[in-house]
>>> print(open('upload.cif').read())   # mmCIF, C-alpha atoms and all ligand atoms
data_final
loop_
_atom_site.group_PDB
_atom_site.id
_atom_site.type_symbol
_atom_site.label_atom_id
_atom_site.label_comp_id
_atom_site.auth_asym_id
_atom_site.auth_seq_id
_atom_site.Cartn_x
_atom_site.Cartn_y
_atom_site.Cartn_z
ATOM 1 C CA ALA S 616 87.679 113.593 100.847
ATOM 2 C CA HIS S 617 85.818 110.341 101.405
ATOM 3 C CA THR S 618 88.092 108.467 98.956
ATOM 4 C CA ALA S 619 91.241 109.866 100.564
ATOM 5 C CA HIS S 620 90.038 108.761 103.968
ATOM 6 C CA ALA S 621 89.253 105.239 102.739
ATOM 7 C CA ALA S 622 92.729 104.964 101.208
ATOM 8 C CA VAL S 623 94.302 105.936 104.499
ATOM 9 C CA SER S 624 92.417 103.339 106.494
ATOM 10 C CA THR S 625 92.683 100.368 104.109
ATOM 11 C CA ASP S 626 96.374 100.536 103.098
ATOM 12 C CA GLN S 627 98.801 98.346 105.025
ATOM 13 C CA PRO S 628 101.033 100.501 107.210
ATOM 14 C CA LEU S 629 104.580 101.249 106.106
ATOM 15 C CA VAL S 630 107.165 99.362 108.125
ATOM 16 C CA ILE S 631 110.010 101.588 109.320
ATOM 17 C CA ALA S 632 113.190 100.019 110.712
ATOM 18 C CA HIS S 633 113.829 101.798 114.040
ATOM 19 C CA ARG S 634 117.502 102.869 114.300
ATOM 20 C CA GLY S 635 117.906 100.451 111.377
ATOM 21 C CA ALA S 636 117.203 96.747 111.872
ATOM 22 C CA SER S 637 118.267 97.286 115.462
ATOM 23 C CA ALA S 638 117.278 93.895 116.877
ATOM 24 C CA GLN S 639 119.733 92.273 114.463
ATOM 25 C CA ALA S 640 122.563 94.799 114.153
ATOM 26 C CA PRO S 641 123.879 97.622 116.364
ATOM 27 C CA GLU S 642 121.435 100.543 116.341
ATOM 28 C CA ASN S 643 122.143 103.639 114.243
ATOM 29 C CA THR S 644 125.172 102.099 112.485
ATOM 30 C CA LEU S 645 125.634 101.582 108.756
ATOM 31 C CA ALA S 646 125.434 97.840 109.475
ATOM 32 C CA ALA S 647 121.914 98.340 110.860
ATOM 33 C CA ILE S 648 120.640 100.035 107.703
ATOM 34 C CA ASP S 649 122.439 97.528 105.504
ATOM 35 C CA ARG S 650 120.698 94.776 107.443
ATOM 36 C CA ALA S 651 117.345 96.508 106.933
ATOM 37 C CA ALA S 652 118.091 96.801 103.201
ATOM 38 C CA ARG S 653 118.997 93.114 102.928
ATOM 39 C CA LEU S 654 115.741 92.207 104.647
ATOM 40 C CA GLY S 655 113.950 94.319 102.024
ATOM 41 C CA PHE S 656 113.051 97.368 104.121
ATOM 42 C CA THR S 657 113.139 100.727 102.412
ATOM 43 C CA TRP S 658 112.255 102.958 105.339
ATOM 44 C CA VAL S 659 114.695 103.453 108.225
ATOM 45 C CA GLU S 660 114.685 105.760 111.248
ATOM 46 C CA ASN S 661 117.688 107.368 112.946
ATOM 47 C CA ASP S 662 118.707 109.911 115.601
ATOM 48 C CA VAL S 663 120.937 112.918 114.926
ATOM 49 C CA GLN S 664 123.046 114.843 117.461
ATOM 50 C CA ARG S 665 126.125 117.130 117.354
ATOM 51 C CA THR S 666 129.763 116.779 118.404
ATOM 52 C CA LYS S 667 131.923 119.292 120.295
ATOM 53 C CA ASP S 668 133.368 120.517 117.010
ATOM 54 C CA GLY S 669 129.995 120.923 115.327
ATOM 55 C CA LYS S 670 129.757 117.722 113.257
ATOM 56 C CA LEU S 671 126.446 115.885 113.038
ATOM 57 C CA VAL S 672 126.508 112.242 114.086
ATOM 58 C CA VAL S 673 123.953 109.447 114.246
ATOM 59 C CA ILE S 674 123.410 108.177 117.780
ATOM 60 C CA HIS S 675 120.431 107.846 120.123
ATOM 61 C CA ASP S 676 121.630 108.583 123.667
ATOM 62 C CA ASP S 677 123.125 111.947 124.672
ATOM 63 C CA SER S 678 126.022 109.901 126.093
ATOM 64 C CA LEU S 679 128.362 107.608 124.167
ATOM 65 C CA ALA S 680 128.543 105.125 127.048
ATOM 66 C CA ARG S 681 125.818 102.606 126.236
ATOM 67 C CA THR S 682 126.533 102.008 122.548
ATOM 68 C CA THR S 683 130.313 102.453 122.278
ATOM 69 C CA ASP S 684 133.533 101.502 124.088
ATOM 70 C CA VAL S 685 134.121 105.138 125.102
ATOM 71 C CA GLU S 686 134.607 104.269 128.798
ATOM 72 C CA LYS S 687 137.571 102.105 127.843
ATOM 73 C CA VAL S 688 139.086 104.516 125.302
ATOM 74 C CA PHE S 689 138.515 107.713 127.325
ATOM 75 C CA PRO S 690 138.186 106.491 130.949
ATOM 76 C CA LYS S 691 138.489 109.959 132.483
ATOM 77 C CA ARG S 692 135.797 111.698 130.429
ATOM 78 C CA ALA S 693 132.605 110.678 132.307
ATOM 79 C CA PRO S 694 129.705 111.124 131.643
ATOM 80 C CA TRP S 695 130.875 110.783 128.027
ATOM 81 C CA LYS S 696 128.400 113.208 126.458
ATOM 82 C CA VAL S 697 128.298 113.299 122.653
ATOM 83 C CA LYS S 698 128.562 117.104 122.787
ATOM 84 C CA ASP S 699 131.851 116.926 124.711
ATOM 85 C CA PHE S 700 133.718 114.794 122.146
ATOM 86 C CA THR S 701 135.120 115.792 118.775
ATOM 87 C CA ALA S 702 134.136 113.936 115.636
ATOM 88 C CA ALA S 703 137.703 112.572 115.384
ATOM 89 C CA GLU S 704 137.467 111.174 118.919
ATOM 90 C CA ILE S 705 134.077 109.603 118.225
ATOM 91 C CA ALA S 706 135.412 108.094 114.992
ATOM 92 C CA ARG S 707 137.880 106.047 117.087
ATOM 93 C CA LEU S 708 135.125 104.340 119.073
ATOM 94 C CA ASP S 709 133.775 100.856 118.513
ATOM 95 C CA ALA S 710 129.988 101.071 118.196
ATOM 96 C CA GLY S 711 129.456 97.406 117.427
ATOM 97 C CA SER S 712 131.061 95.207 120.101
ATOM 98 C CA TRP S 713 128.541 96.141 122.807
ATOM 99 C CA PHE S 714 125.923 94.494 120.590
ATOM 100 C CA SER S 715 127.872 91.468 119.387
ATOM 101 C CA PRO S 716 131.534 90.591 118.694
ATOM 102 C CA ARG S 717 130.399 90.066 115.117
ATOM 103 C CA TYR S 718 130.048 93.821 114.732
ATOM 104 C CA LYS S 719 133.405 94.798 116.235
ATOM 105 C CA GLY S 720 134.691 97.869 114.431
ATOM 106 C CA ALA S 721 131.308 99.348 113.519
ATOM 107 C CA ARG S 722 131.473 103.141 113.920
ATOM 108 C CA VAL S 723 129.186 105.967 115.000
ATOM 109 C CA PRO S 724 128.424 107.354 111.552
ATOM 110 C CA THR S 725 128.504 111.024 110.698
ATOM 111 C CA LEU S 726 125.223 112.186 109.186
ATOM 112 C CA LYS S 727 127.078 112.621 105.880
ATOM 113 C CA GLN S 728 128.319 109.021 105.910
ATOM 114 C CA TYR S 729 124.878 107.828 106.902
ATOM 115 C CA MET S 730 123.131 109.724 104.089
ATOM 116 C CA ASN S 731 125.604 108.294 101.587
ATOM 117 C CA ARG S 732 124.726 104.790 102.688
ATOM 118 C CA VAL S 733 120.962 105.424 102.732
ATOM 119 C CA SER S 734 121.314 106.713 99.164
ATOM 120 C CA ARG S 735 123.415 103.754 98.056
ATOM 121 C CA ASN S 736 120.859 101.372 99.564
ATOM 122 C CA HIS S 737 117.979 103.229 97.822
ATOM 123 C CA GLN S 738 116.386 103.706 101.212
ATOM 124 C CA LYS S 739 114.125 106.379 102.666
ATOM 125 C CA LEU S 740 114.592 108.112 105.995
ATOM 126 C CA VAL S 741 112.681 109.281 109.036
ATOM 127 C CA LEU S 742 115.369 111.489 110.568
ATOM 128 C CA GLU S 743 114.951 112.379 114.228
ATOM 129 C CA ILE S 744 116.575 115.501 115.604
ATOM 130 C CA LYS S 745 117.403 114.198 119.078
ATOM 131 C CA ASN S 746 117.787 116.448 122.135
ATOM 132 C CA PRO S 747 117.721 119.670 120.059
ATOM 133 C CA GLN S 748 117.759 121.756 123.261
ATOM 134 C CA LEU S 749 121.412 120.685 123.636
ATOM 135 C CA TYR S 750 122.362 121.779 120.130
ATOM 136 C CA PRO S 751 121.146 125.282 119.178
ATOM 137 C CA GLY S 752 121.039 125.630 115.403
ATOM 138 C CA ILE S 753 120.974 121.880 114.691
ATOM 139 C CA GLU S 754 117.876 122.206 112.503
ATOM 140 C CA ARG S 755 119.635 124.493 110.004
ATOM 141 C CA GLU S 756 122.784 122.348 110.083
ATOM 142 C CA THR S 757 120.831 119.142 109.489
ATOM 143 C CA LEU S 758 119.094 120.702 106.506
ATOM 144 C CA LYS S 759 122.451 121.916 105.193
ATOM 145 C CA THR S 760 123.927 118.413 105.313
ATOM 146 C CA LEU S 761 120.823 116.957 103.687
ATOM 147 C CA SER S 762 121.043 119.577 100.961
ATOM 148 C CA ASN S 763 124.764 118.895 100.380
ATOM 149 C CA GLU S 764 124.006 115.193 100.059
ATOM 150 C CA GLY S 765 121.276 115.792 97.489
ATOM 151 C CA TRP S 766 118.414 115.019 99.838
ATOM 152 C CA LEU S 767 116.395 118.221 99.478
ATOM 153 C CA GLY S 768 115.600 117.967 95.775
ATOM 154 C CA PRO S 769 111.939 117.619 94.765
ATOM 155 C CA ALA S 770 111.963 113.802 94.467
ATOM 156 C CA HIS S 771 113.529 113.323 97.889
ATOM 157 C CA VAL S 772 111.302 115.881 99.567
ATOM 158 C CA ARG S 773 108.191 114.382 98.007
ATOM 159 C CA SER S 774 108.688 110.767 98.986
ATOM 160 C CA LYS S 775 111.969 109.886 100.699
ATOM 161 C CA LEU S 776 112.321 112.058 103.780
ATOM 162 C CA VAL S 777 110.536 112.961 107.006
ATOM 163 C CA ILE S 778 112.207 115.011 109.753
ATOM 164 C CA GLN S 779 110.776 114.467 113.236
ATOM 165 C CA SER S 780 111.443 115.485 116.836
ATOM 166 C CA PHE S 781 109.972 115.274 120.325
ATOM 167 C CA SER S 782 110.549 119.040 120.427
ATOM 168 C CA ALA S 783 107.683 120.981 118.839
ATOM 169 C CA ALA S 784 109.966 124.035 118.656
ATOM 170 C CA SER S 785 112.458 122.033 116.608
ATOM 171 C CA VAL S 786 109.803 120.682 114.224
ATOM 172 C CA ARG S 787 108.465 124.211 113.814
ATOM 173 C CA LYS S 788 111.953 125.464 112.948
ATOM 174 C CA VAL S 789 112.455 122.791 110.308
ATOM 175 C CA HIS S 790 109.081 123.641 108.795
ATOM 176 C CA ALA S 791 109.870 127.381 108.798
ATOM 177 C CA LEU S 792 113.310 126.851 107.208
ATOM 178 C CA ARG S 793 112.126 124.386 104.560
ATOM 179 C CA PRO S 794 108.317 124.375 104.250
ATOM 180 C CA ASP S 795 108.542 121.759 101.490
ATOM 181 C CA VAL S 796 110.076 119.103 103.760
ATOM 182 C CA ARG S 797 107.680 116.702 105.479
ATOM 183 C CA THR S 798 107.839 116.765 109.261
ATOM 184 C CA GLY S 799 106.671 114.693 112.215
ATOM 185 C CA PHE S 800 105.985 115.582 115.827
ATOM 186 C CA LEU S 801 106.847 112.806 118.280
ATOM 187 C CA GLY S 802 104.279 112.607 121.033
ATOM 188 C CA THR S 803 100.574 112.402 121.674
ATOM 189 C CA PRO S 804 99.078 115.908 121.782
ATOM 190 C CA SER S 805 95.525 116.141 123.093
ATOM 191 C CA VAL S 806 92.756 116.111 120.500
ATOM 192 C CA ALA S 807 92.171 119.797 121.279
ATOM 193 C CA GLU S 808 95.837 120.597 120.565
ATOM 194 C CA LEU S 809 96.156 118.597 117.348
ATOM 195 C CA PRO S 810 95.038 121.387 114.959
ATOM 196 C CA VAL S 811 97.937 123.547 116.180
ATOM 197 C CA TYR S 812 100.430 120.767 115.414
ATOM 198 C CA ALA S 813 98.826 120.238 111.999
ATOM 199 C CA ARG S 814 100.086 123.689 110.999
ATOM 200 C CA PHE S 815 103.714 122.562 110.990
ATOM 201 C CA ALA S 816 103.727 118.737 111.156
ATOM 202 C CA ASP S 817 102.579 116.277 108.485
ATOM 203 C CA GLN S 818 102.733 113.423 110.965
ATOM 204 C CA ILE S 819 101.968 112.877 114.634
ATOM 205 C CA ASN S 820 104.157 109.951 115.644
ATOM 206 C CA SER S 821 102.990 108.527 118.949
ATOM 207 C CA SER S 822 103.958 105.707 121.274
ATOM 208 C CA HIS S 823 101.723 102.738 120.501
ATOM 209 C CA THR S 824 100.731 102.587 124.171
ATOM 210 C CA THR S 825 99.033 106.002 123.925
ATOM 211 C CA ILE S 826 96.774 105.696 120.891
ATOM 212 C CA SER S 827 93.191 104.610 120.225
ATOM 213 C CA ARG S 828 91.038 104.180 117.136
ATOM 214 C CA ALA S 829 89.358 107.515 117.873
ATOM 215 C CA TYR S 830 92.731 109.266 118.160
ATOM 216 C CA VAL S 831 93.934 107.868 114.823
ATOM 217 C CA ALA S 832 90.637 108.886 113.189
ATOM 218 C CA THR S 833 90.984 112.412 114.585
ATOM 219 C CA ILE S 834 94.471 112.671 113.095
ATOM 220 C CA HIS S 835 93.282 111.449 109.697
ATOM 221 C CA ALA S 836 90.430 113.954 109.649
ATOM 222 C CA LEU S 837 92.876 116.861 109.965
ATOM 223 C CA GLU S 838 94.868 118.358 107.133
ATOM 224 C CA GLY S 839 98.633 118.809 107.467
ATOM 225 C CA PRO S 840 100.686 121.787 106.246
ATOM 226 C CA HIS S 841 100.800 120.365 102.715
ATOM 227 C CA GLY S 842 97.042 120.037 102.375
ATOM 228 C CA ARG S 843 97.004 116.272 102.798
ATOM 229 C CA PRO S 844 95.517 114.260 105.659
ATOM 230 C CA LEU S 845 97.663 114.226 108.749
ATOM 231 C CA GLU S 846 99.366 110.856 109.234
ATOM 232 C CA ILE S 847 100.489 108.789 112.194
ATOM 233 C CA SER S 848 103.418 106.414 112.541
ATOM 234 C CA THR S 849 103.569 104.619 115.866
ATOM 235 C CA TRP S 850 106.504 103.207 117.882
ATOM 236 C CA THR S 851 108.079 100.962 119.036
ATOM 237 C CA VAL S 852 106.043 97.958 117.924
ATOM 238 C CA ASP S 853 107.983 94.700 118.175
ATOM 239 C CA THR S 854 105.417 91.936 118.775
ATOM 240 C CA PRO S 855 102.735 90.313 116.598
ATOM 241 C CA ALA S 856 100.009 91.277 119.098
ATOM 242 C CA ASP S 857 100.970 94.951 119.114
ATOM 243 C CA THR S 858 101.339 94.897 115.324
ATOM 244 C CA ARG S 859 97.822 93.548 114.887
ATOM 245 C CA ARG S 860 96.420 96.099 117.283
ATOM 246 C CA VAL S 861 97.979 99.186 115.684
ATOM 247 C CA ALA S 862 97.315 97.955 112.142
ATOM 248 C CA GLY S 863 93.670 97.610 113.197
ATOM 249 C CA LEU S 864 93.666 101.227 114.349
ATOM 250 C CA GLY S 865 94.596 102.289 110.817
ATOM 251 C CA VAL S 866 98.023 103.815 111.471
ATOM 252 C CA ASN S 867 100.082 104.866 108.436
ATOM 253 C CA GLY S 868 103.405 103.598 109.701
ATOM 254 C CA ILE S 869 104.860 101.160 112.219
ATOM 255 C CA ILE S 870 108.305 101.979 113.610
ATOM 256 C CA THR S 871 109.939 98.775 114.817
ATOM 257 C CA ASN S 872 113.206 97.207 115.932
ATOM 258 C CA LYS S 873 111.960 93.962 114.346
ATOM 259 C CA PRO S 874 110.724 94.851 110.861
ATOM 260 C CA ASP S 875 110.719 91.195 109.796
ATOM 261 C CA VAL S 876 108.338 90.275 112.634
ATOM 262 C CA VAL S 877 106.011 93.161 111.801
ATOM 263 C CA ARG S 878 106.005 92.382 108.070
ATOM 264 C CA LYS S 879 105.255 88.712 108.667
ATOM 265 C CA THR S 880 102.363 89.619 110.965
ATOM 266 C CA LEU S 881 100.911 92.113 108.495
ATOM 267 C CA ARG S 882 101.095 89.526 105.663
ATOM 268 C CA GLU S 883 99.191 86.991 107.757
ATOM 269 C CA ASN S 884 96.347 89.437 108.331
HETATM 270 O O1 LIG S 901 110.849 107.170 115.893
HETATM 271 C C1 LIG S 901 110.274 107.037 117.129
HETATM 272 C C2 LIG S 901 111.205 106.703 118.240
HETATM 273 O O2 LIG S 901 112.504 106.604 117.763
HETATM 274 C C3 LIG S 901 111.153 107.651 119.367
HETATM 275 O O3 LIG S 901 111.843 107.216 120.513
HETATM 276 O O4 LIG S 901 113.731 107.139 122.056
HETATM 277 O O5 LIG S 901 113.642 105.541 120.165
HETATM 278 O O6 LIG S 901 114.141 107.929 119.745
HETATM 279 P P1 LIG S 901 113.392 106.948 120.605
HETATM 280 CA CA CA S 902 114.408 107.928 117.427
#
>>> encode(input="upload.cif", output="structure tokens")
Amino acid sequence: AHTAHAAVSTDQPLVIAHRGASAQAPENTLAAIDRAARLGFTWVENDVQRTKDGKLVVIHDDSLARTTDVEKVFPKRAPWKVKDFTAAEIARLDAGSWFSPRYKGARVPTLKQYMNRVSRNHQKLVLEIKNPQLYPGIERETLKTLSNEGWLGPAHVRSKLVIQSFSAASVRKVHALRPDVRTGFLGTPSVAELPVYARFADQINSSHTTISRAYVATIHALEGPHGRPLEISTWTVDTPADTRRVAGLGVNGIITNKPDVVRKTLREN
């Protein structure tokens, strides 16, 4: 146990590209994970939600308004909720121009398209089930898509995939449906509550503003559902100062919009 603990605290944290390399390309698009791949980042994070006709798509907000041209294409459909549009309608939207004219024509990917690209890029994925309260059954559907795309085989489950959510109920469901898949709970449960989370989550992924050295140590001293030390990836860390601080706390992963900045800082330390 002592050796395992030492390994946890001395390894450099994994760098995970938040919504892809989202400071350099439009978040949650194929361009954003391609950019992460070109920069040399294996791990990416995304957000999964569901369309009106039951297709899974990769987008962060529950509305299409901020990251697409939906207001222009469908001016009468305010507030432009993802769940009120079909996949065919969403496929017409430009998800790149809001970020830069350079990315005009980027699309909101379906989860299937996204998984294909992650595979092609030889990347690994922290998949967030976003707003699951809006999409009953999304846990089973997400697992089905992952399975269809070859992402629930032993090699993938062992080292290429984590499924996380801010909803403990959703993380619990994923764990119950596929106990072999690694899971993460997004949040900062109290130290007293952590053992309950450790029954169904391999990771506690907390905002970097909420964590201390003692909190990280408490997480590492607990065992997750697969009999290994509980881990913590922290978000969203975009500056050298914050990178140094959380690396010093011994976190396992750093989720960042600026993976190049974080990597450079870690190499200098
Ligand atoms: O992966 C952690 C982070 O993505 C959680 O916040 O709002 O960016 O999905 P948010
Ligand atoms: Ca997210």
>>> closest_residue(input="upload.cif", among="S:Leu758, S:Leu845, S:Val811, S:Ile631", to="Leu726 (chain S)", atoms="all atoms listed in the file")
S:Leu758
>>> closest_atom_pairs(input="upload.cif", of="chain S", to="ligand LIG 901 (chain S)", cutoff="7 Å", atoms="only C-alpha atoms and all ligand atoms", output="tab-separated table")
residue	atom	partner	partner_atom	distance
S:His633	CA	S:LIG901	O2	6.2
S:Glu660	CA	S:LIG901	O1	6.2
S:Asp662	CA	S:LIG901	O6	6.5
S:His675	CA	S:LIG901	O6	6.3
S:Glu743	CA	S:LIG901	O1	6.8
S:Leu801	CA	S:LIG901	C3	6.8
S:Asn820	CA	S:LIG901	C1	6.9
S:Trp850	CA	S:LIG901	C1	5.4
S:Thr851	CA	S:LIG901	C2	6.6
S:Ile870	CA	S:LIG901	O1	6.2
>>> closest_atom_pairs(input="upload.cif", of="chain S", to="ligand CA 902 (chain S)", cutoff="12 Å", atoms="all atoms listed in the file", output="JSON lines")
{"residue": "S:Ile631", "atom": "CA", "partner": "S:CA902", "partner_atom": "CA", "distance": 11.2}
{"residue": "S:Ala632", "atom": "CA", "partner": "S:CA902", "partner_atom": "CA", "distance": 10.4}
{"residue": "S:His633", "atom": "CA", "partner": "S:CA902", "partner_atom": "CA", "distance": 7.0}
{"residue": "S:Arg634", "atom": "CA", "partner": "S:CA902", "partner_atom": "CA", "distance": 6.7}
{"residue": "S:Gly635", "atom": "CA", "partner": "S:CA902", "partner_atom": "CA", "distance": 10.2}
{"residue": "S:Ser637", "atom": "CA", "partner": "S:CA902", "partner_atom": "CA", "distance": 11.5}
{"residue": "S:Glu642", "atom": "CA", "partner": "S:CA902", "partner_atom": "CA", "distance": 10.3}
{"residue": "S:Asn643", "atom": "CA", "partner": "S:CA902", "partner_atom": "CA", "distance": 9.4}
{"residue": "S:Val659", "atom": "CA", "partner": "S:CA902", "partner_atom": "CA", "distance": 10.2}
{"residue": "S:Glu660", "atom": "CA", "partner": "S:CA902", "partner_atom": "CA", "distance": 6.6}
{"residue": "S:Asn661", "atom": "CA", "partner": "S:CA902", "partner_atom": "CA", "distance": 5.6}
{"residue": "S:Asp662", "atom": "CA", "partner": "S:CA902", "partner_atom": "CA", "distance": 5.1}
{"residue": "S:Val663", "atom": "CA", "partner": "S:CA902", "partner_atom": "CA", "distance": 8.6}
{"residue": "S:Gln664", "atom": "CA", "partner": "S:CA902", "partner_atom": "CA", "distance": 11.1}
{"residue": "S:Val673", "atom": "CA", "partner": "S:CA902", "partner_atom": "CA", "distance": 10.2}
{"residue": "S:Ile674", "atom": "CA", "partner": "S:CA902", "partner_atom": "CA", "distance": 9.0}
{"residue": "S:His675", "atom": "CA", "partner": "S:CA902", "partner_atom": "CA", "distance": 6.6}
{"residue": "S:Asp676", "atom": "CA", "partner": "S:CA902", "partner_atom": "CA", "distance": 9.6}
{"residue": "S:Leu740", "atom": "CA", "partner": "S:CA902", "partner_atom": "CA", "distance": 11.4}
{"residue": "S:Val741", "atom": "CA", "partner": "S:CA902", "partner_atom": "CA", "distance": 8.7}
{"residue": "S:Leu742", "atom": "CA", "partner": "S:CA902", "partner_atom": "CA", "distance": 7.8}
{"residue": "S:Glu743", "atom": "CA", "partner": "S:CA902", "partner_atom": "CA", "distance": 5.5}
{"residue": "S:Ile744", "atom": "CA", "partner": "S:CA902", "partner_atom": "CA", "distance": 8.1}
{"residue": "S:Lys745", "atom": "CA", "partner": "S:CA902", "partner_atom": "CA", "distance": 7.1}
{"residue": "S:Asn746", "atom": "CA", "partner": "S:CA902", "partner_atom": "CA", "distance": 10.3}
{"residue": "S:Ile778", "atom": "CA", "partner": "S:CA902", "partner_atom": "CA", "distance": 10.7}
{"residue": "S:Gln779", "atom": "CA", "partner": "S:CA902", "partner_atom": "CA", "distance": 8.6}
{"residue": "S:Ser780", "atom": "CA", "partner": "S:CA902", "partner_atom": "CA", "distance": 8.1}
{"residue": "S:Phe781", "atom": "CA", "partner": "S:CA902", "partner_atom": "CA", "distance": 9.1}
{"residue": "S:Gly799", "atom": "CA", "partner": "S:CA902", "partner_atom": "CA", "distance": 11.5}
{"residue": "S:Phe800", "atom": "CA", "partner": "S:CA902", "partner_atom": "CA", "distance": 11.5}
{"residue": "S:Leu801", "atom": "CA", "partner": "S:CA902", "partner_atom": "CA", "distance": 9.0}
{"residue": "S:Gly802", "atom": "CA", "partner": "S:CA902", "partner_atom": "CA", "distance": 11.7}
{"residue": "S:Asn820", "atom": "CA", "partner": "S:CA902", "partner_atom": "CA", "distance": 10.6}
{"residue": "S:Ser821", "atom": "CA", "partner": "S:CA902", "partner_atom": "CA", "distance": 11.5}
{"residue": "S:Ser822", "atom": "CA", "partner": "S:CA902", "partner_atom": "CA", "distance": 11.4}
{"residue": "S:Thr849", "atom": "CA", "partner": "S:CA902", "partner_atom": "CA", "distance": 11.4}
{"residue": "S:Trp850", "atom": "CA", "partner": "S:CA902", "partner_atom": "CA", "distance": 9.2}
{"residue": "S:Thr851", "atom": "CA", "partner": "S:CA902", "partner_atom": "CA", "distance": 9.5}
{"residue": "S:Ile870", "atom": "CA", "partner": "S:CA902", "partner_atom": "CA", "distance": 9.3}
{"residue": "S:Thr871", "atom": "CA", "partner": "S:CA902", "partner_atom": "CA", "distance": 10.5}
{"residue": "S:Asn872", "atom": "CA", "partner": "S:CA902", "partner_atom": "CA", "distance": 10.9}
>>> closest_residue(input="upload.cif", among="S:Glu704, S:Glu883, S:Glu754, S:Glu838", to="Thr858 (chain S)", atoms="all atoms listed in the file")
S:Glu883
>>> resolve_selection(input="upload.cif", expression="the PyMOL selection byres (((chain S and resi 644) around 7) and not hetatm)", output="ChimeraX atom specification")
/S:641-643,645-648,721-724
>>> atom_distance(input="upload.cif", atom1="CA of Gly863 (chain S)", atom2="CA of Trp658 (chain S)")
20.9 Å
